[in-house]
>>> print(open('coords_10.txt').read())   # compact mmCIF, C-alpha atoms
# COMPACT_ATOMS: atom_id res chain seq x y z
CA MET A 1 12.25 -6.89 6.66
CA HIS A 2 12.66 -3.41 8.05
CA PHE A 3 11.44 -0.55 5.89
CA ASN A 4 11.67 3.16 6.46
CA PRO A 5 8.37 4.70 7.67
CA TYR A 6 7.22 5.50 4.15
CA GLY A 7 8.22 2.24 2.50
CA GLY A 8 6.78 0.12 5.29
CA ALA A 9 3.76 1.52 7.04
CA ALA A 10 2.76 3.79 4.18
CA ALA A 11 2.92 1.02 1.59
CA GLN A 12 0.97 -1.28 3.91
CA ILE A 13 -1.69 1.41 4.34
CA ALA A 14 -1.85 1.70 0.55
CA ALA A 15 -2.47 -2.06 0.31
CA GLU A 16 -5.14 -1.94 3.04
CA LEU A 17 -6.93 0.91 1.28
CA ILE A 18 -6.87 -0.92 -2.04
CA ASN A 19 -8.19 -4.13 -0.48
CA LEU A 20 -11.15 -2.26 1.00
CA GLY A 21 -12.45 -1.61 -2.49
CA ASP A 22 -15.36 0.78 -2.77
CA THR A 23 -16.75 -0.18 0.62
CA ALA A 24 -14.65 2.04 2.84
CA ASP A 25 -16.62 4.32 5.09
CA PRO A 26 -15.14 7.20 7.10
CA ALA A 27 -15.00 5.15 10.33
CA THR A 28 -13.10 2.31 8.66
CA LEU A 29 -10.63 4.74 7.09
CA THR A 30 -10.15 6.57 10.38
CA ALA A 31 -9.40 3.22 12.07
CA ILE A 32 -6.77 2.38 9.44
CA PHE A 33 -5.00 5.71 9.93
CA LYS A 34 -5.25 5.71 13.73
CA ASP A 35 -1.82 5.39 15.38
CA ARG A 36 -0.12 5.29 11.96
CA MET A 37 -0.78 8.75 10.56
CA THR A 38 -1.58 12.06 12.15
CA VAL A 39 -4.92 12.90 10.56
CA PRO A 40 -8.27 13.83 12.06
CA ALA A 41 -11.35 11.67 11.67
CA VAL A 42 -12.15 11.12 8.00
CA GLN A 43 -15.26 12.87 6.70
CA ASP A 44 -17.68 11.52 4.06
CA HIS A 45 -16.37 13.68 1.22
CA GLU A 46 -12.78 12.77 2.13
CA ALA A 47 -13.62 9.05 2.12
CA THR A 48 -14.93 9.41 -1.44
CA GLU A 49 -11.71 11.11 -2.56
CA ILE A 50 -9.50 8.57 -0.80
CA ILE A 51 -11.33 5.64 -2.40
CA ALA A 52 -10.92 7.28 -5.82
CA TRP A 53 -7.18 7.57 -5.10
CA THR A 54 -6.95 3.84 -4.34
CA THR A 55 -7.83 3.06 -7.96
CA ARG A 56 -4.57 4.70 -8.96
CA LEU A 57 -2.67 2.94 -6.16
CA ARG A 58 -3.97 -0.45 -7.36
CA ARG A 59 -2.48 0.10 -10.81
CA VAL A 60 0.99 0.18 -9.23
CA PHE A 61 0.49 -3.24 -7.60
CA GLU A 62 -0.84 -4.72 -10.85
CA ALA A 63 1.85 -3.30 -13.15
CA ASP A 64 5.15 -4.83 -14.19
CA ALA A 65 8.39 -3.32 -12.84
CA PRO A 66 9.10 -0.82 -15.65
CA ALA A 67 5.54 0.54 -15.62
CA ARG A 68 5.55 0.91 -11.84
CA VAL A 69 8.13 3.67 -12.01
CA ASP A 70 6.00 5.81 -14.32
CA LEU A 71 2.84 5.14 -12.31
CA VAL A 72 4.48 6.07 -9.00
CA ASN A 73 6.07 9.16 -10.53
CA ALA A 74 2.58 10.25 -11.63
CA LEU A 75 1.26 9.63 -8.11
CA LEU A 76 4.10 11.67 -6.61
CA HIS A 77 3.53 14.47 -9.11
CA ASP A 78 -0.18 14.65 -8.30
CA SER A 79 0.16 14.32 -4.55
CA ALA A 80 3.39 15.59 -3.13
CA SER A 81 4.74 18.96 -2.24
CA LYS A 82 8.44 19.50 -1.77
CA PRO A 83 9.89 16.92 0.66
CA TYR A 84 11.29 18.22 3.92
CA ILE A 85 12.88 16.78 7.03
CA SER A 86 10.77 16.83 10.18
CA THR A 87 11.65 16.21 13.83
CA HIS A 88 8.21 16.50 15.41
CA ASP A 89 7.15 14.85 18.66
CA GLY A 90 10.72 14.03 19.67
CA LYS A 91 11.12 11.59 16.77
CA ALA A 92 14.36 11.16 14.86
CA PRO A 93 14.67 13.24 11.69
CA HIS A 94 12.49 11.81 8.93
CA LEU A 95 11.06 12.88 5.58
CA HIS A 96 7.61 14.35 5.08
CA TYR A 97 6.15 14.70 1.62
CA VAL A 98 3.36 17.15 2.31
CA ASP A 99 2.96 20.22 4.46
CA ALA A 100 1.93 19.48 8.04
CA GLN A 101 -1.03 21.88 7.65
CA ALA A 102 -2.45 19.98 4.66
CA GLY A 103 -5.84 18.31 4.93
CA THR A 104 -6.51 14.61 5.30
CA VAL A 105 -6.78 13.74 1.59
CA PRO A 106 -3.51 15.42 0.54
CA ARG A 107 -1.74 13.78 3.47
CA VAL A 108 -3.06 10.30 2.60
CA ARG A 109 -2.13 10.79 -1.04
CA ALA A 110 1.39 11.97 -0.25
CA TYR A 111 1.94 9.28 2.40
CA THR A 112 0.83 6.38 0.20
CA ALA A 113 2.59 7.70 -2.91
CA GLY A 114 5.80 8.19 -0.90
CA GLY A 115 5.48 4.69 0.54
CA LEU A 116 5.13 3.12 -2.87
CA ALA A 117 8.02 5.21 -4.19
CA HIS A 118 10.32 3.88 -1.47
CA LEU A 119 9.10 0.35 -2.10
CA VAL A 120 9.69 0.60 -5.87
CA CYS A 121 13.21 1.90 -5.24
CA ASP A 122 14.25 -0.19 -2.22
CA ALA A 123 12.36 -3.47 -2.60
CA PRO A 124 10.53 -3.68 -5.93
CA ASP A 125 9.93 -7.43 -5.62
CA ARG A 126 8.23 -7.15 -2.23
CA PHE A 127 4.72 -6.21 -3.28
CA GLY A 128 2.15 -7.29 -5.77
CA LEU A 129 -1.16 -8.91 -6.60
CA CYS A 130 -2.04 -12.32 -5.15
CA SER A 131 -1.01 -15.16 -7.49
CA ARG A 132 -4.19 -17.17 -6.91
CA GLU A 133 -6.34 -16.97 -10.01
CA GLY A 134 -9.42 -14.88 -9.29
CA CYS A 135 -8.01 -13.19 -6.18
CA GLU A 136 -7.68 -9.43 -6.51
CA THR A 137 -6.04 -8.81 -3.13
CA VAL A 138 -2.75 -6.88 -3.04
CA TYR A 139 0.02 -7.33 -0.48
CA VAL A 140 3.28 -5.90 0.81
CA ASP A 141 5.77 -8.65 1.65
CA VAL A 142 7.45 -8.00 5.00
CA SER A 143 8.56 -11.60 5.47
CA ARG A 144 12.15 -12.45 6.23
CA ASN A 145 12.88 -14.27 2.96
CA GLY A 146 10.84 -11.99 0.67
CA ARG A 147 9.35 -14.76 -1.43
CA ARG A 148 5.68 -14.09 -0.92
CA ARG A 149 3.34 -14.66 -3.89
CA PHE A 150 -0.04 -14.84 -2.19
CA CYS A 151 -2.07 -12.42 -0.11
CA SER A 152 -2.71 -14.97 2.62
CA THR A 153 -2.03 -18.50 3.79
CA ARG A 154 -5.56 -19.35 2.73
CA CYS A 155 -4.92 -18.44 -0.93
CA ALA A 156 -1.55 -20.21 -0.93
CA THR A 157 -3.11 -23.36 0.51
CA ARG A 158 -5.90 -23.36 -2.07
CA VAL A 159 -3.37 -23.19 -4.91
CA HIS A 160 -1.08 -25.83 -3.39
CA VAL A 161 -3.96 -28.23 -2.70
CA ALA A 162 -5.29 -27.78 -6.25
CA ASP A 163 -1.78 -28.40 -7.66
CA HIS A 164 -1.44 -31.52 -5.50
CA ARG A 165 -4.81 -32.87 -6.64
CA ASN A 166 -3.92 -32.23 -10.28
CA ARG A 167 -0.66 -34.16 -9.86
CA GLN A 168 -2.47 -37.05 -8.17
CA ALA A 169 -5.09 -37.20 -10.92
CA SER A 170 -2.49 -37.55 -13.68
>>> encode(input="coords_10.txt", output="structure tokens")
Amino acid sequence: MHFNPYGGAAAQIAAELINLGDTADPATLTAIFKDRMTVPAVQDHEATEIIAWTTRLRRVFEADAPARVDLVNALLHDSASKPYISTHDGKAPHLHYVDAQAGTVPRVRAYTAGGLAHLVCDAPDRFGLCSREGCETVYVDVSRNGRRRFCSTRCATRVHVADHRNRQAS
């Protein structure tokens, strides 16, 4: 599935940040943003703020559809400045949600909130929490058929094997 830059890459970055949990260090965060966002190397204090932000992002993945709208609106309210169209670096016109001069944390917040906003509006059934009991991993479904329920093939296989064994035992 093809998403716009916010609904695709930004939502996937949101999922990656959430799945890091509290263990993200500045180098790991910088690696995630490299080639996908224009931000300088993440500093220690910025890493702390970004990880705190991911707690709020996680709530969107865990919520049901009606609650997602309110959660994303709160994220947009707390992160975004007025949207504007940019044509930097010879790229086609595209939306930006925060001033180009903003620091790393405001840019990450605006980018991820904007990504989730596009996802909620354009493809609300294409992201969520893994369906395997006990797995807390979130995902953005970019598959062709859009029927993903698990974070990975490994989790899907575990559930399917367990279901098969239960059927065989009865």
>>> atom_distance(input="coords_10.txt", atom1="atom CA of Pro40 of chain A", atom2="atom CA of Ala100 of chain A")
12.3 Å
>>> residues_around(input="coords_10.txt", residues="segment 128-142 of chain A", least_positions_apart="5", cutoff="8 Å", atoms="all atoms listed in the file", output="list of chain:residue names")
A:Met1, A:His2, A:Ala11, A:Gln12, A:Ala15, A:Ile18, A:Asn19, A:Arg58, A:Phe61, A:Glu62, A:Arg147, A:Arg148, A:Arg149, A:Phe150, A:Cys151, A:Cys155, A:Ala156, A:Val159
>>> closest_residue(input="coords_10.txt", among="A:Asp122, A:Thr112, A:Thr104, A:His96", to="Val42 of chain A", atoms="only C-alpha atoms")
A:Thr104
>>> residues_near_point(input="coords_10.txt", point="(-13.3, 3.5, 3.1)", cutoff="10 Å", atoms="all atoms listed in the file", output="list of chain:residue names")
A:Glu16, A:Leu17, A:Ile18, A:Asn19, A:Leu20, A:Gly21, A:Asp22, A:Thr23, A:Ala24, A:Asp25, A:Pro26, A:Ala27, A:Thr28, A:Leu29, A:Thr30, A:Ala31, A:Ile32, A:Val42, A:Asp44, A:Glu46, A:Ala47, A:Thr48, A:Glu49, A:Ile50, A:Ile51, A:Ala52, A:Thr54
>>> write_last_selection(input="coords_10.txt", atoms="C-alpha atoms", output="PDB file, in the frame of the given file")
ATOM      1  CA  GLU A  16      -5.140  -1.940   3.040  1.00  0.00           C
ATOM      2  CA  LEU A  17      -6.930   0.910   1.280  1.00  0.00           C
ATOM      3  CA  ILE A  18      -6.870  -0.920  -2.040  1.00  0.00           C
ATOM      4  CA  ASN A  19      -8.190  -4.130  -0.480  1.00  0.00           C
ATOM      5  CA  LEU A  20     -11.150  -2.260   1.000  1.00  0.00           C
ATOM      6  CA  GLY A  21     -12.450  -1.610  -2.490  1.00  0.00           C
ATOM      7  CA  ASP A  22     -15.360   0.780  -2.770  1.00  0.00           C
ATOM      8  CA  THR A  23     -16.750  -0.180   0.620  1.00  0.00           C
ATOM      9  CA  ALA A  24     -14.650   2.040   2.840  1.00  0.00           C
ATOM     10  CA  ASP A  25     -16.620   4.320   5.090  1.00  0.00           C
ATOM     11  CA  PRO A  26     -15.140   7.200   7.100  1.00  0.00           C
ATOM     12  CA  ALA A  27     -15.000   5.150  10.330  1.00  0.00           C
ATOM     13  CA  THR A  28     -13.100   2.310   8.660  1.00  0.00           C
ATOM     14  CA  LEU A  29     -10.630   4.740   7.090  1.00  0.00           C
ATOM     15  CA  THR A  30     -10.150   6.570  10.380  1.00  0.00           C
ATOM     16  CA  ALA A  31      -9.400   3.220  12.070  1.00  0.00           C
ATOM     17  CA  ILE A  32      -6.770   2.380   9.440  1.00  0.00           C
ATOM     18  CA  VAL A  42     -12.150  11.120   8.000  1.00  0.00           C
ATOM     19  CA  ASP A  44     -17.680  11.520   4.060  1.00  0.00           C
ATOM     20  CA  GLU A  46     -12.780  12.770   2.130  1.00  0.00           C
ATOM     21  CA  ALA A  47     -13.620   9.050   2.120  1.00  0.00           C
ATOM     22  CA  THR A  48     -14.930   9.410  -1.440  1.00  0.00           C
ATOM     23  CA  GLU A  49     -11.710  11.110  -2.560  1.00  0.00           C
ATOM     24  CA  ILE A  50      -9.500   8.570  -0.800  1.00  0.00           C
ATOM     25  CA  ILE A  51     -11.330   5.640  -2.400  1.00  0.00           C
ATOM     26  CA  ALA A  52     -10.920   7.280  -5.820  1.00  0.00           C
ATOM     27  CA  THR A  54      -6.950   3.840  -4.340  1.00  0.00           C
TER      28      THR A  54
END
>>> closest_atom_pairs(input="coords_10.txt", of="segment 118-168 of chain A", to="segment 71-81 of chain A", cutoff="12 Å", atoms="only C-alpha atoms", output="tab-separated table")
residue	atom	partner	partner_atom	distance
A:His118	CA	A:Val72	CA	9.8
A:Leu119	CA	A:Val72	CA	10.1
A:Val120	CA	A:Val72	CA	8.2
A:Cys121	CA	A:Val72	CA	10.4
A:Pro124	CA	A:Val72	CA	11.9
>>> atom_distance(input="coords_10.txt", atom1="atom CA of Asn166 of chain A", atom2="atom CA of Phe127 of chain A")
28.3 Å
>>> atom_distance(input="coords_10.txt", atom1="atom CA of Phe33 of chain A", atom2="atom CA of Val105 of chain A")
11.7 Å
>>> residues_around(input="coords_10.txt", residues="Val98 of chain A", least_positions_apart="4", cutoff="9 Å", atoms="only C-alpha atoms", output="list in words")
Ser79, Ala80, Ser81, Lys82, Pro83, Tyr84, Ala102, Pro106, Arg107, Ala110 and Tyr111 of chain A
>>> residues_around(input="coords_10.txt", residues="Ala10 of chain A", least_positions_apart="5", cutoff="9 Å", atoms="all atoms listed in the file", output="list in words")
Pro5, Ala15, Arg36, Met37, Val108, Tyr111, Thr112, Ala113, Gly114, Gly115 and Leu116 of chain A
>>> closest_residue(input="coords_10.txt", among="A:His160, A:Arg165, A:His88, A:Arg154", to="Thr38 of chain A", atoms="all atoms listed in the file")
A:His88
